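Peer 1: Following this line is entry_15.txt, made up of compact mmCIF, C-alpha atoms:
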```txt
# COMPACT_ATOMS: atom_id res chain seq x y z
CA MET H 1 -21.05 -47.29 71.19
CA ASN H 2 -22.82 -45.46 68.41
CA ASN H 3 -23.79 -47.19 65.26
CA ILE H 4 -21.51 -45.30 62.91
CA LYS H 5 -18.49 -46.09 65.09
CA LYS H 6 -19.43 -49.76 65.21
CA ARG H 7 -19.85 -49.97 61.47
CA LEU H 8 -16.59 -48.15 60.79
CA ASP H 9 -14.79 -50.53 63.14
CA ASP H 10 -16.48 -53.56 61.63
CA TYR H 11 -15.41 -52.44 58.18
CA VAL H 12 -11.77 -52.49 59.26
CA GLY H 13 -12.13 -55.75 61.11
CA GLU H 14 -11.08 -56.84 64.58
CA THR H 15 -7.51 -57.73 63.65
CA PRO H 16 -5.22 -55.15 65.27
CA ARG H 17 -3.73 -52.87 62.66
CA PHE H 18 -1.23 -51.36 65.04
CA THR H 19 0.99 -54.44 65.04
CA PHE H 20 3.97 -55.37 67.22
CA SER H 21 6.30 -55.09 64.26
CA LEU H 22 5.12 -51.52 63.67
CA GLU H 23 5.52 -50.78 67.38
CA ASN H 24 9.09 -52.10 67.34
CA LYS H 25 9.84 -50.15 64.19
CA ILE H 26 8.75 -46.96 65.93
CA ILE H 27 10.82 -47.74 69.04
CA ASP H 28 13.85 -48.37 66.82
CA GLU H 29 13.41 -45.09 65.01
CA VAL H 30 12.86 -43.14 68.22
CA SER H 31 15.96 -44.60 69.88
CA THR H 32 18.12 -43.62 66.89
CA LEU H 33 17.09 -40.03 67.54
CA GLY H 34 19.34 -40.35 70.61
CA GLY H 35 20.65 -37.02 71.83
CA LYS H 36 18.24 -35.05 69.69
CA ARG H 37 15.36 -36.42 71.71
CA ASN H 38 13.91 -34.02 74.22
CA ARG H 39 12.90 -35.45 77.55
CA LYS H 40 9.69 -34.61 79.26
CA ASN H 41 9.53 -32.69 82.54
CA ASN H 42 13.28 -32.58 83.00
CA LEU H 43 13.40 -30.09 85.82
CA PHE H 44 17.10 -30.74 86.32
CA ASN H 45 17.83 -29.68 82.75
CA LYS H 46 15.82 -26.50 83.08
CA LEU H 47 17.47 -25.60 86.39
CA ARG H 48 20.88 -26.16 84.94
CA LEU H 49 20.12 -23.97 81.94
CA SER H 50 18.79 -21.13 84.05
CA PHE H 51 21.79 -21.43 86.37
CA LEU H 52 24.13 -21.17 83.40
CA PHE H 53 22.20 -18.17 82.17
CA VAL H 54 22.46 -16.42 85.53
CA VAL H 55 26.21 -17.04 85.71
CA CYS H 56 26.81 -15.71 82.20
CA THR H 57 24.67 -12.63 82.84
CA THR H 58 26.49 -11.89 86.09
CA VAL H 59 29.88 -12.12 84.43
CA ALA H 60 28.80 -9.90 81.55
CA VAL H 61 27.19 -7.28 83.80
CA THR H 62 30.21 -7.17 86.13
CA PHE H 63 32.51 -6.73 83.19
CA ILE H 64 30.45 -3.92 81.67
CA LEU H 65 30.04 -2.18 85.03
CA SER H 66 33.77 -2.30 85.71
CA ILE H 67 34.39 -0.54 82.40
CA VAL H 68 31.62 2.02 82.84
CA ILE H 69 32.39 2.92 86.44
CA ASN H 70 36.14 3.04 86.20
CA PRO H 71 37.45 3.18 82.63
CA GLU H 72 40.95 4.09 83.80
CA SER H 73 41.39 0.91 85.78
CA TYR H 74 40.35 -1.06 82.70
CA ASN H 75 42.97 0.66 80.59
CA GLU H 76 45.46 0.22 83.42
CA VAL H 77 46.99 3.58 82.47
CA ASN H 78 47.13 6.31 85.06
CA THR H 79 47.92 9.91 84.39
CA ILE H 80 50.49 12.36 85.66
CA THR H 81 49.50 16.00 85.84
CA ASP H 82 51.35 19.22 86.60
CA PRO H 83 49.09 21.79 88.28
CA ASN H 84 51.94 24.25 88.85
CA THR H 85 52.77 24.94 85.22
CA THR H 86 50.58 26.92 82.82
CA PRO H 87 51.25 28.01 79.24
CA ASP H 88 51.07 31.67 80.36
CA ILE H 89 54.37 33.49 80.60
CA PRO H 90 54.44 36.01 83.48
CA PHE H 91 56.10 39.39 83.49
CA VAL H 92 58.73 39.34 86.22
CA ASP H 93 58.03 41.81 89.00
CA ASP H 94 60.78 41.14 91.52
CA PHE H 95 63.81 41.48 89.31
CA GLU H 96 66.90 40.61 91.31
CA LYS H 97 70.45 41.68 90.67
CA ASN H 98 71.82 38.31 89.74
CA MET H 99 69.21 37.79 87.04
CA THR H 100 70.04 38.41 83.42
CA VAL H 101 67.93 39.43 80.52
CA VAL H 102 68.21 37.66 77.21
CA GLU H 103 66.63 38.47 73.92
CA TYR H 104 65.76 35.06 72.58
CA LEU H 105 64.87 34.97 68.92
CA HIS H 106 64.35 31.27 68.29
CA ASP H 107 60.85 29.91 67.84
CA GLY H 108 61.37 26.56 69.60
CA MET H 109 58.87 27.41 72.32
CA GLU H 110 56.30 28.80 69.92
CA ARG H 111 52.70 28.21 71.05
CA GLY H 112 51.14 30.65 68.64
CA ASN H 113 52.00 33.88 70.51
CA ARG H 114 55.72 34.14 69.66
CA ASP H 115 56.26 32.67 73.12
CA TYR H 116 59.60 33.43 74.81
CA SER H 117 60.66 35.49 71.83
CA ALA H 118 58.08 38.30 71.80
CA TYR H 119 59.82 40.18 74.61
CA PRO H 120 63.20 39.85 76.33
CA ILE H 121 63.15 37.02 78.86
CA VAL H 122 64.45 37.04 82.42
CA ILE H 123 66.84 34.25 83.45
CA ASP H 124 67.66 33.29 87.03
CA PRO H 125 71.01 31.43 86.89
CA LEU H 126 70.86 30.60 90.59
CA ALA H 127 67.29 29.32 90.59
CA TYR H 128 68.35 25.75 91.29
CA GLU H 129 70.70 26.62 94.16
CA GLY H 130 67.86 26.40 96.61
CA LYS H 131 65.25 24.19 94.91
CA PRO H 132 65.17 21.06 92.78
CA VAL H 133 64.41 21.05 89.06
CA SER H 134 60.74 20.24 88.54
CA ARG H 135 58.80 18.94 85.61
CA GLY H 136 57.42 21.72 83.45
CA ASP H 137 60.16 24.24 84.32
CA VAL H 138 61.43 26.30 81.40
CA ILE H 139 65.23 26.39 81.45
CA ILE H 140 68.14 27.45 79.29
CA TYR H 141 71.16 25.40 78.31
CA ASP H 142 73.88 25.65 75.70
CA ASP H 143 73.39 23.52 72.64
CA LYS H 144 75.50 22.89 69.61
CA PHE H 145 73.70 23.82 66.40
CA PHE H 146 74.03 21.92 63.14
CA ASP H 147 76.59 24.43 61.88
CA GLY H 148 78.88 23.74 64.85
CA SER H 149 78.21 26.98 66.70
CA VAL H 150 77.10 26.91 70.31
CA GLY H 151 74.20 28.96 71.54
CA THR H 152 71.59 29.37 74.25
CA VAL H 153 68.47 27.28 73.87
CA VAL H 154 65.22 27.63 75.82
CA SER H 155 63.54 24.34 76.56
CA ARG H 156 61.22 22.63 79.00
CA VAL H 157 61.95 19.87 81.52
CA ILE H 158 59.88 16.77 80.71
CA GLY H 159 61.67 13.84 82.31
CA LEU H 160 63.24 13.69 85.76
CA PRO H 161 66.17 11.45 86.81
CA GLY H 162 65.42 7.74 86.70
CA GLU H 163 62.17 8.05 84.77
CA ASN H 164 61.30 6.01 81.71
CA ILE H 165 60.00 8.32 78.98
CA GLU H 166 58.07 7.12 75.97
CA ILE H 167 56.58 9.20 73.20
CA LYS H 168 54.15 7.53 70.82
CA ASP H 169 51.10 8.61 68.83
CA GLY H 170 51.75 12.23 69.81
CA GLN H 171 51.56 11.55 73.54
CA VAL H 172 54.24 11.56 76.22
CA TYR H 173 54.21 8.67 78.72
CA ILE H 174 56.19 8.76 81.95
CA ASN H 175 56.73 5.33 83.48
CA ASP H 176 53.78 4.12 81.33
CA GLN H 177 51.55 6.89 82.70
CA ILE H 178 50.01 9.53 80.44
CA LEU H 179 51.55 12.97 80.94
CA ASP H 180 48.29 14.90 81.01
CA THR H 181 49.60 18.46 80.60
CA PHE H 182 49.68 21.03 77.85
CA TYR H 183 53.28 20.09 77.11
CA GLY H 184 52.60 16.35 77.22
CA LYS H 185 51.10 16.03 73.75
CA ALA H 186 52.20 16.70 70.22
CA HIS H 187 52.21 20.37 69.35
CA VAL H 188 53.36 22.55 66.49
CA ARG H 189 52.71 26.28 66.30
CA GLY H 190 49.66 26.09 68.57
CA TYR H 191 48.11 23.10 66.77
CA GLU H 192 47.84 19.70 68.38
CA THR H 193 47.20 17.52 65.35
CA PHE H 194 48.80 17.36 61.97
CA GLU H 195 45.40 17.71 60.28
CA ASP H 196 44.65 21.00 62.07
CA TYR H 197 48.05 22.45 61.22
CA ALA H 198 47.98 21.25 57.61
CA LYS H 199 44.53 22.81 57.17
CA VAL H 200 45.84 26.19 58.26
CA LEU H 201 48.89 25.84 56.03
CA ASP H 202 46.67 24.95 53.09
CA GLN H 203 44.38 27.89 53.76
CA ASN H 204 47.35 30.22 53.69
CA GLY H 205 48.64 28.62 50.51
CA ALA H 206 51.88 27.61 52.19
CA ASP H 207 54.37 25.39 50.42
CA TYR H 208 55.44 22.74 52.91
CA GLU H 209 56.86 19.28 53.28
CA ALA H 210 53.94 17.31 54.67
CA ASP H 211 56.07 14.28 55.56
CA VAL H 212 58.51 16.26 57.67
CA ILE H 213 55.74 18.03 59.57
CA LYS H 214 53.77 14.85 60.02
CA GLU H 215 56.85 13.09 61.36
CA SER H 216 57.27 15.73 64.03
CA PHE H 217 53.70 15.14 65.25
CA PHE H 218 54.41 11.42 65.47
CA ARG H 219 57.90 11.42 66.88
CA GLU H 220 58.69 8.16 68.61
CA ILE H 221 61.11 8.06 71.49
CA GLU H 222 61.73 5.62 74.30
CA VAL H 223 64.48 6.47 76.75
CA THR H 224 65.37 6.03 80.39
CA VAL H 225 66.66 9.20 82.02
CA GLY H 226 69.97 8.73 83.86
CA ASN H 227 70.36 9.48 87.59
CA ASP H 228 71.96 12.90 87.05
CA GLU H 229 70.09 13.73 83.85
CA PHE H 230 66.94 15.50 82.72
CA LEU H 231 65.01 15.08 79.52
CA VAL H 232 64.23 18.47 77.99
CA MET H 233 61.98 19.15 75.04
CA THR H 234 60.81 22.29 73.28
CA ASP H 235 57.10 23.04 73.13
CA ASP H 236 57.14 23.14 69.35
CA TRP H 237 57.85 19.62 68.21
CA LEU H 238 58.79 20.70 64.71
CA ARG H 239 61.19 23.49 65.59
CA GLY H 240 63.03 22.04 68.56
CA ASN H 241 64.86 19.08 69.99
CA VAL H 242 64.45 16.42 72.60
CA LYS H 243 67.65 16.15 74.60
CA LEU H 244 69.08 14.50 77.67
CA ILE H 245 71.12 17.03 79.62
CA LYS H 246 72.92 16.98 82.95
CA GLN H 247 71.98 19.26 85.83
CA SER H 248 75.27 21.07 85.37
CA ASP H 249 74.29 21.88 81.78
CA ILE H 250 71.29 23.88 82.99
CA ASN H 251 72.35 27.51 82.93
CA GLY H 252 69.28 28.84 84.63
CA GLN H 253 65.53 28.95 84.84
CA VAL H 254 63.45 31.22 82.65
CA MET H 255 61.33 33.31 85.02
CA GLY H 256 59.26 35.14 82.39
CA TYR H 257 59.30 38.25 80.30
CA GLN H 258 61.06 41.36 81.41
CA LYS H 259 58.56 43.87 82.69
CA LYS H 260 58.22 46.92 80.45
CA LYS H 261 59.44 50.10 81.98
CA MET T 1 26.84 -32.38 79.27
CA GLU T 2 24.42 -34.91 80.78
CA GLY T 3 24.44 -35.76 84.45
CA GLY T 4 24.90 -39.50 83.98
CA PHE T 5 22.43 -40.85 86.52
CA HIS T 6 19.58 -38.52 85.55
CA PHE T 7 20.09 -39.35 81.92
CA VAL T 8 19.73 -43.11 82.35
CA MET T 9 16.70 -42.71 84.62
CA ASP T 10 14.96 -40.43 82.15
CA ILE T 11 15.42 -42.77 79.23
CA GLU T 12 14.01 -45.73 81.13
CA ILE T 13 11.01 -43.94 82.57
CA ASP T 14 10.36 -42.38 79.22
CA SER T 15 10.57 -45.57 77.22
CA ILE T 16 8.15 -47.35 79.58
CA GLN T 17 5.74 -44.42 79.40
CA PHE T 18 6.20 -44.21 75.67
CA LYS T 19 5.34 -47.90 75.13
CA LYS T 20 2.24 -47.43 77.23
CA ILE T 21 1.18 -44.43 75.18
CA MET T 22 1.72 -46.38 71.96
CA LYS T 23 -0.32 -49.35 73.22
CA GLU T 24 -3.19 -47.13 74.32
CA ASN T 25 -3.31 -44.88 71.29
CA GLY T 26 -1.74 -46.75 68.36
CA GLU T 27 -4.75 -48.73 67.27
CA TYR T 28 -7.37 -45.98 67.03
CA LEU T 29 -4.82 -43.58 65.48
CA ILE T 30 -3.96 -46.00 62.68
CA ARG T 31 -7.66 -46.56 62.00
CA LEU T 32 -8.30 -42.82 61.97
CA ALA T 33 -5.40 -42.32 59.59
CA PHE T 34 -6.73 -45.08 57.35
CA TYR T 35 -10.10 -43.38 57.00
CA TYR T 36 -8.26 -40.22 56.02
CA VAL T 37 -5.82 -41.64 53.46
CA LYS T 38 -7.73 -44.84 52.53
CA ASN T 39 -4.53 -46.86 52.42
CA TRP T 40 -3.04 -49.06 55.12
CA SER T 41 0.65 -48.74 54.33
CA THR T 42 0.35 -44.95 54.23
CA ALA T 43 -1.60 -45.06 57.51
CA GLU T 44 1.25 -47.08 59.07
CA ASP T 45 3.80 -44.54 57.89
CA ILE T 46 1.71 -41.70 59.27
CA VAL T 47 1.25 -43.29 62.70
CA GLN T 48 4.98 -43.94 62.84
CA GLU T 49 5.68 -40.28 62.08
CA VAL T 50 3.11 -39.26 64.69
CA PHE T 51 4.88 -41.12 67.49
CA VAL T 52 8.31 -39.90 66.41
CA THR T 53 6.99 -36.33 66.38
CA TYR T 54 5.40 -36.87 69.78
CA CYS T 55 8.73 -38.10 71.11
CA GLN T 56 10.63 -35.09 69.80
CA LYS T 57 8.08 -32.60 71.04
CA SER T 58 6.72 -34.29 74.12
CA ASP T 59 8.17 -31.53 76.31
CA GLN T 60 6.00 -29.02 74.45
CA PHE T 61 2.90 -31.03 75.31
CA GLU T 62 2.81 -30.34 79.06
CA ASN T 63 -0.73 -31.63 79.60
CA ARG T 64 -2.32 -28.60 78.01
CA SER T 65 -4.89 -30.90 76.46
CA SER T 66 -5.45 -34.58 76.92
CA ILE T 67 -2.87 -36.80 75.30
CA ARG T 68 -5.58 -38.36 73.13
CA THR T 69 -6.53 -35.01 71.62
CA TYR T 70 -2.87 -34.07 71.21
CA LEU T 71 -2.00 -37.27 69.33
CA ALA T 72 -5.17 -37.03 67.23
CA LYS T 73 -4.19 -33.50 66.27
CA ILE T 74 -0.73 -34.59 65.16
CA THR T 75 -2.29 -37.43 63.17
CA VAL T 76 -4.85 -35.18 61.50
CA ASN T 77 -2.13 -32.70 60.54
CA LYS T 78 0.07 -35.46 59.10
CA CYS T 79 -2.89 -36.80 57.12
CA HIS T 80 -3.63 -33.35 55.77
CA ASP T 81 0.01 -33.02 54.75
CA TYR T 82 -0.13 -36.34 52.98
CA LEU T 83 -3.41 -35.57 51.18
CA ARG T 84 -1.95 -32.28 50.00
CA SER T 85 1.33 -33.86 48.84
CA TRP T 86 2.31 -34.77 45.28
CA LYS T 87 2.79 -38.35 46.43
CA ASN T 88 -0.92 -38.68 47.04
CA LYS T 89 -1.80 -36.98 43.79
CA ILE T 90 0.35 -39.42 41.83
CA TYR T 91 -1.34 -42.23 43.73
CA LEU T 92 -4.78 -40.92 42.78
CA TYR T 93 -3.88 -40.62 39.11
CA SER T 94 -2.38 -44.11 39.06
CA ASN T 95 -5.69 -45.35 40.47
CA LEU T 96 -7.56 -43.69 37.67
CA LEU T 97 -5.25 -45.13 35.01
CA LEU T 98 -4.60 -48.62 36.31
CA GLY T 99 -7.79 -49.32 38.14
CA GLN T 100 -8.54 -49.69 41.79
CA SER T 101 -7.42 -53.27 42.43
CA ILE T 102 -3.72 -52.84 41.58
CA SER T 103 -3.02 -50.09 44.08
CA ASN T 104 -5.28 -51.57 46.69
CA LYS T 105 -2.92 -53.31 49.06
CA GLU T 106 -5.50 -55.45 50.81
CA SER T 107 -4.78 -59.15 50.95
CA PRO T 108 -7.26 -61.29 48.95
CA GLU T 109 -8.78 -62.63 52.16
CA GLN T 110 -9.32 -59.18 53.51
CA LEU T 111 -10.97 -58.17 50.28
CA VAL T 112 -13.40 -61.07 50.56
CA ILE T 113 -14.29 -60.17 54.16
CA ASN T 114 -14.76 -56.54 53.23
CA LYS T 115 -16.93 -57.49 50.31
CA ASP T 116 -19.14 -59.39 52.71
CA LYS T 117 -19.54 -56.24 54.74
CA ASN T 118 -20.30 -54.19 51.71
CA ASP T 119 -21.54 -51.34 53.80
CA MET T 120 -23.17 -48.49 51.91
CA LEU T 121 -22.67 -46.13 54.82
CA ILE T 122 -18.90 -46.69 54.88
CA LYS T 123 -18.70 -46.31 51.13
CA GLU T 124 -20.50 -42.99 51.29
CA ILE T 125 -18.30 -41.78 54.15
CA LEU T 126 -15.16 -42.72 52.24
CA GLU T 127 -16.41 -40.90 49.18
CA MET T 128 -17.13 -37.67 50.99
CA SER T 129 -14.70 -34.79 50.66
CA ILE T 130 -12.15 -34.67 53.47
CA LYS T 131 -13.70 -31.52 54.93
CA TYR T 132 -16.91 -33.35 55.82
CA ARG T 133 -15.42 -36.81 56.24
CA GLU T 134 -13.11 -35.69 59.01
CA VAL T 135 -15.86 -34.18 61.18
CA ILE T 136 -17.89 -37.37 60.86
CA LEU T 137 -14.82 -39.45 61.75
CA LEU T 138 -13.80 -37.30 64.69
CA TYR T 139 -17.31 -36.91 66.08
CA TYR T 140 -18.86 -40.33 65.55
CA TYR T 141 -15.83 -42.60 65.21
CA GLN T 142 -13.34 -41.06 67.64
CA GLU T 143 -16.13 -39.57 69.76
CA PHE T 144 -14.44 -36.25 70.38
CA THR T 145 -16.58 -33.37 71.62
CA ILE T 146 -17.26 -30.36 69.40
CA LEU T 147 -14.79 -28.35 71.49
CA GLU T 148 -12.06 -30.96 71.10
CA ILE T 149 -12.65 -31.16 67.36
CA SER T 150 -12.39 -27.38 67.06
CA LYS T 151 -8.98 -27.60 68.76
CA ILE T 152 -7.82 -30.49 66.59
CA LEU T 153 -8.84 -28.73 63.37
CA ASN T 154 -7.84 -25.23 64.52
CA CYS T 155 -11.23 -23.73 63.80
CA SER T 156 -14.17 -22.38 65.77
CA GLU T 157 -16.82 -24.59 67.39
CA ASN T 158 -19.46 -23.10 65.15
CA THR T 159 -17.51 -24.11 62.05
CA VAL T 160 -17.37 -27.65 63.39
CA LYS T 161 -21.11 -27.66 64.07
CA THR T 162 -21.91 -26.32 60.60
CA ARG T 163 -19.68 -28.85 58.88
CA LEU T 164 -21.12 -31.67 60.96
CA SER T 165 -24.73 -30.83 60.12
CA ARG T 166 -23.79 -30.37 56.47
CA ALA T 167 -22.01 -33.73 56.48
CA LYS T 168 -25.03 -35.42 58.03
CA SER T 169 -27.38 -33.96 55.42
CA ILE T 170 -25.04 -35.16 52.64
CA LEU T 171 -25.06 -38.66 54.09
CA LYS T 172 -28.82 -38.54 54.48
CA SER T 173 -29.36 -37.52 50.88
CA LYS T 174 -26.98 -40.23 49.62
CA LEU T 175 -28.41 -43.06 51.70
CA GLU T 176 -31.91 -44.35 51.39
CA GLY T 177 -34.18 -42.74 53.92
CA ILE T 178 -34.82 -45.94 55.84
CA GLU T 179 -31.18 -46.71 56.46
CA TRP T 180 -30.51 -43.24 57.84
CA GLU T 181 -33.49 -43.67 60.18
CA VAL T 182 -31.95 -46.92 61.40
CA ILE T 183 -28.62 -45.26 62.08
CA LEU T 184 -30.18 -42.50 64.10
CA ARG T 185 -32.38 -44.89 66.06
CA GLU T 186 -29.50 -47.21 66.92
CA GLN T 187 -27.56 -44.28 68.23
CA HIS T 188 -29.91 -43.65 71.11
```
Before anything else, please render the file you have as structure tokens.

Peer 2:
Amino acid sequence: MNNIKKRLDDYVGETPRFTFSLENKIIDEVSTLGGKRNRKNNLFNKLRLSFLFVVCTTVAVTFILSIVINPESYNEVNTITDPNTTPDIPFVDDFEKNMTVVEYLHDGMERGNRDYSAYPIVIDPLAYEGKPVSRGDVIIYDDKFFDGSVGTVVSRVIGLPGENIEIKDGQVYINDQILDTFYGKAHVRGYETFEDYAKVLDQNGADYEADVIKESFFREIEVTVGNDEFLVMTDDWLRGNVKLIKQSDINGQVMGYQKKK
Amino acid sequence: MEGGFHFVMDIEIDSIQFKKIMKENGEYLIRLAFYYVKNWSTAEDIVQEVFVTYCQKSDQFENRSSIRTYLAKITVNKCHDYLRSWKNKIYLYSNLLLGQSISNKESPEQLVINKDKNDMLIKEILEMSIKYREVILLYYYQEFTILEISKILNCSENTVKTRLSRAKSILKSKLEGIEWEVILREQH
């Protein structure tokens, strides 16, 4: 023992300074720390924490992957498509005797090219003698106008017998599935959103009723088609109707424009 | 949250270990603290805080250094905190105003004993600034190595060496030449 140490110790004296009462005081204080107290070398604790971490990470990663890989299954909404129908209107080559030609002047099917009214259209009244009515077909039927008169209307088949049709937020749903076709979403005059259409109207300085037009983009319908019925709807949501008609009401299928001679 | 059995076991093992650590380290820590703060009740408070801190952070310890160095480091830090605090400054001023004897908490008997051992060396050590006092205390009193002291004080070994030699030369100049010779001779 060096001299300085000895003299420093002698100065304090031999009586212990770290007394039992102090020791007990410390033990008391430490035990009141209770749960806050960390324990040394607790392997079990560490294992449990890392296990918890692994479980949480796995759950999170699985969840994210399921969304990234297959977003449709997450949304639980499937789509219905119609590969047979296109917006193009053909000129009819094989004109048959029973077909009739109609000059249709209403703009209910307007898609921006004076569709179905630019040229005379060819109707096949017997089209559905040999085949069923399919979704997307353009047909004619007689409708009563607001002034009481009855006239021919060109429209498109949207809903087939027994289907549940819902239209919300400018989208058509068939049995809760998105109708992913050109005629399945809101459309006015070749524009698919109110903003696009309103912009064009504004540019042309048109005077229009914004509320009425907006309403047509956001029409809300929920209906179940009866067993002998079809839901028909014009392509222009502003200028036409949605109607449930019977098969017998269908006067024929529109085959296309009459070919110029 | 706690697996019941593990929890009980841990507490018991820990409290036995903890008592052992207190028994082995309490006495020299309280003496070290006393030479820092020059007051027994403050030294008691500091040692109490040291063990509570040790208990809360014992899982951070992980045998990186010896437990003695670790506890000494906590003690030194607590002492530094105290010496820097307003509490200590008020205490110093009250000493100046009211005189030494009032704030000195020694019992009369203890005072008599200490007067008997009126050691010039101790007086000089206690009067040194903390910067030099602590290296003397840690090197000669606690007998830590230069490396250990550098870890305790968070400074380089060279700083410790410089401070130590400076501290020794201060002591030498304060004490009469003969006494310093005696100290050095007794050391070997």

Peer 1: Do a neighbour search on segment 71-76 of chain T at 7 Å with all atoms listed in the file, toss out local chain neighbours closer than 3 positions, and write the hits as a list in words.

Peer 2: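 Here the answer would be Leu29, Ala33, Val47, Val50, Ile67, Arg68, Cys79, His80 and Ile152 of chain T.
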
Peer 1: Just want the 10 Å neighbourhood of Ile130 of chain T, counted on only C-alpha atoms, with same-chain residues fewer than 4 positions away dropped. Output as a compact mmCIF listing (two decimals) with C-alpha atoms, keeping the file's coordinate frame.

Peer 2:
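Output below, filename around_12.txt:
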```txt
# COMPACT_ATOMS: atom_id res chain seq x y z
CA TYR T 35 -10.10 -43.38 57.00
CA TYR T 36 -8.26 -40.22 56.02
CA VAL T 37 -5.82 -41.64 53.46
CA HIS T 80 -3.63 -33.35 55.77
CA LEU T 83 -3.41 -35.57 51.18
CA ILE T 125 -18.30 -41.78 54.15
CA LEU T 126 -15.16 -42.72 52.24
CA GLU T 134 -13.11 -35.69 59.01
CA VAL T 135 -15.86 -34.18 61.18
CA ILE T 136 -17.89 -37.37 60.86
CA LEU T 137 -14.82 -39.45 61.75
```

Peer 1: Give me, please, the distance in Å between atom CA of Val232 of chain H and atom CA of Arg156 of chain H, quoted to one decimal.

Peer 2: 5.2 Å

Peer 1: Go ahead and compute the interatomic distance for atom CA of Arg111 of chain H and atom CA of Lys214 of chain H, in Å to one decimal.

Peer 2: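 Computed distance, atom CA of Arg111 of chain H to atom CA of Lys214 of chain H, equals 17.4 Å.
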
Peer 1: Given only C-alpha atoms as the basis, pick out the residue of T:Ser15, T:Thr159, T:Gln48, T:Asn154 nearest to Ile30 of chain T.

Peer 2: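 Of all the options, T:Gln48 lies closest to Ile30 of chain T.
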
Peer 1: Given the choices H:Pro90, H:Val153, H:Ala210, H:Ile80, which gets closest to Glu103 of chain H if the distance is worked out from all atoms listed in the file?

Peer 2: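 Of the candidates, the smallest distance to Glu103 of chain H is held by H:Val153.
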
Peer 1: Rank nothing, just name the residue among H:Glu192, H:Asp82, H:Asp115, H:Asp94 nearest to Gln171 of chain H, using all atoms listed in the file.

Peer 2: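 Going through H:Glu192, H:Asp82, H:Asp115, H:Asp94 one by one, the smallest distance to Gln171 of chain H is for H:Glu192.
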
Peer 1: Distance atom CA of Lys172 of chain T-atom CA of Gly13 of chain H, one decimal place?

Peer 2: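 A separation of 24.9 Å between them.
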
Peer 1: Show me, as JSON, the centre and edge lengths in Å to one decimal of the axis-aligned box that covers every listed atom of segment 132-138 of chain T with 6 Å on each side.

Peer 2:
```
{"center_x": -15.5, "center_y": -36.4, "center_z": 60.3, "size_x": 16.8, "size_y": 18.1, "size_z": 20.9}
```
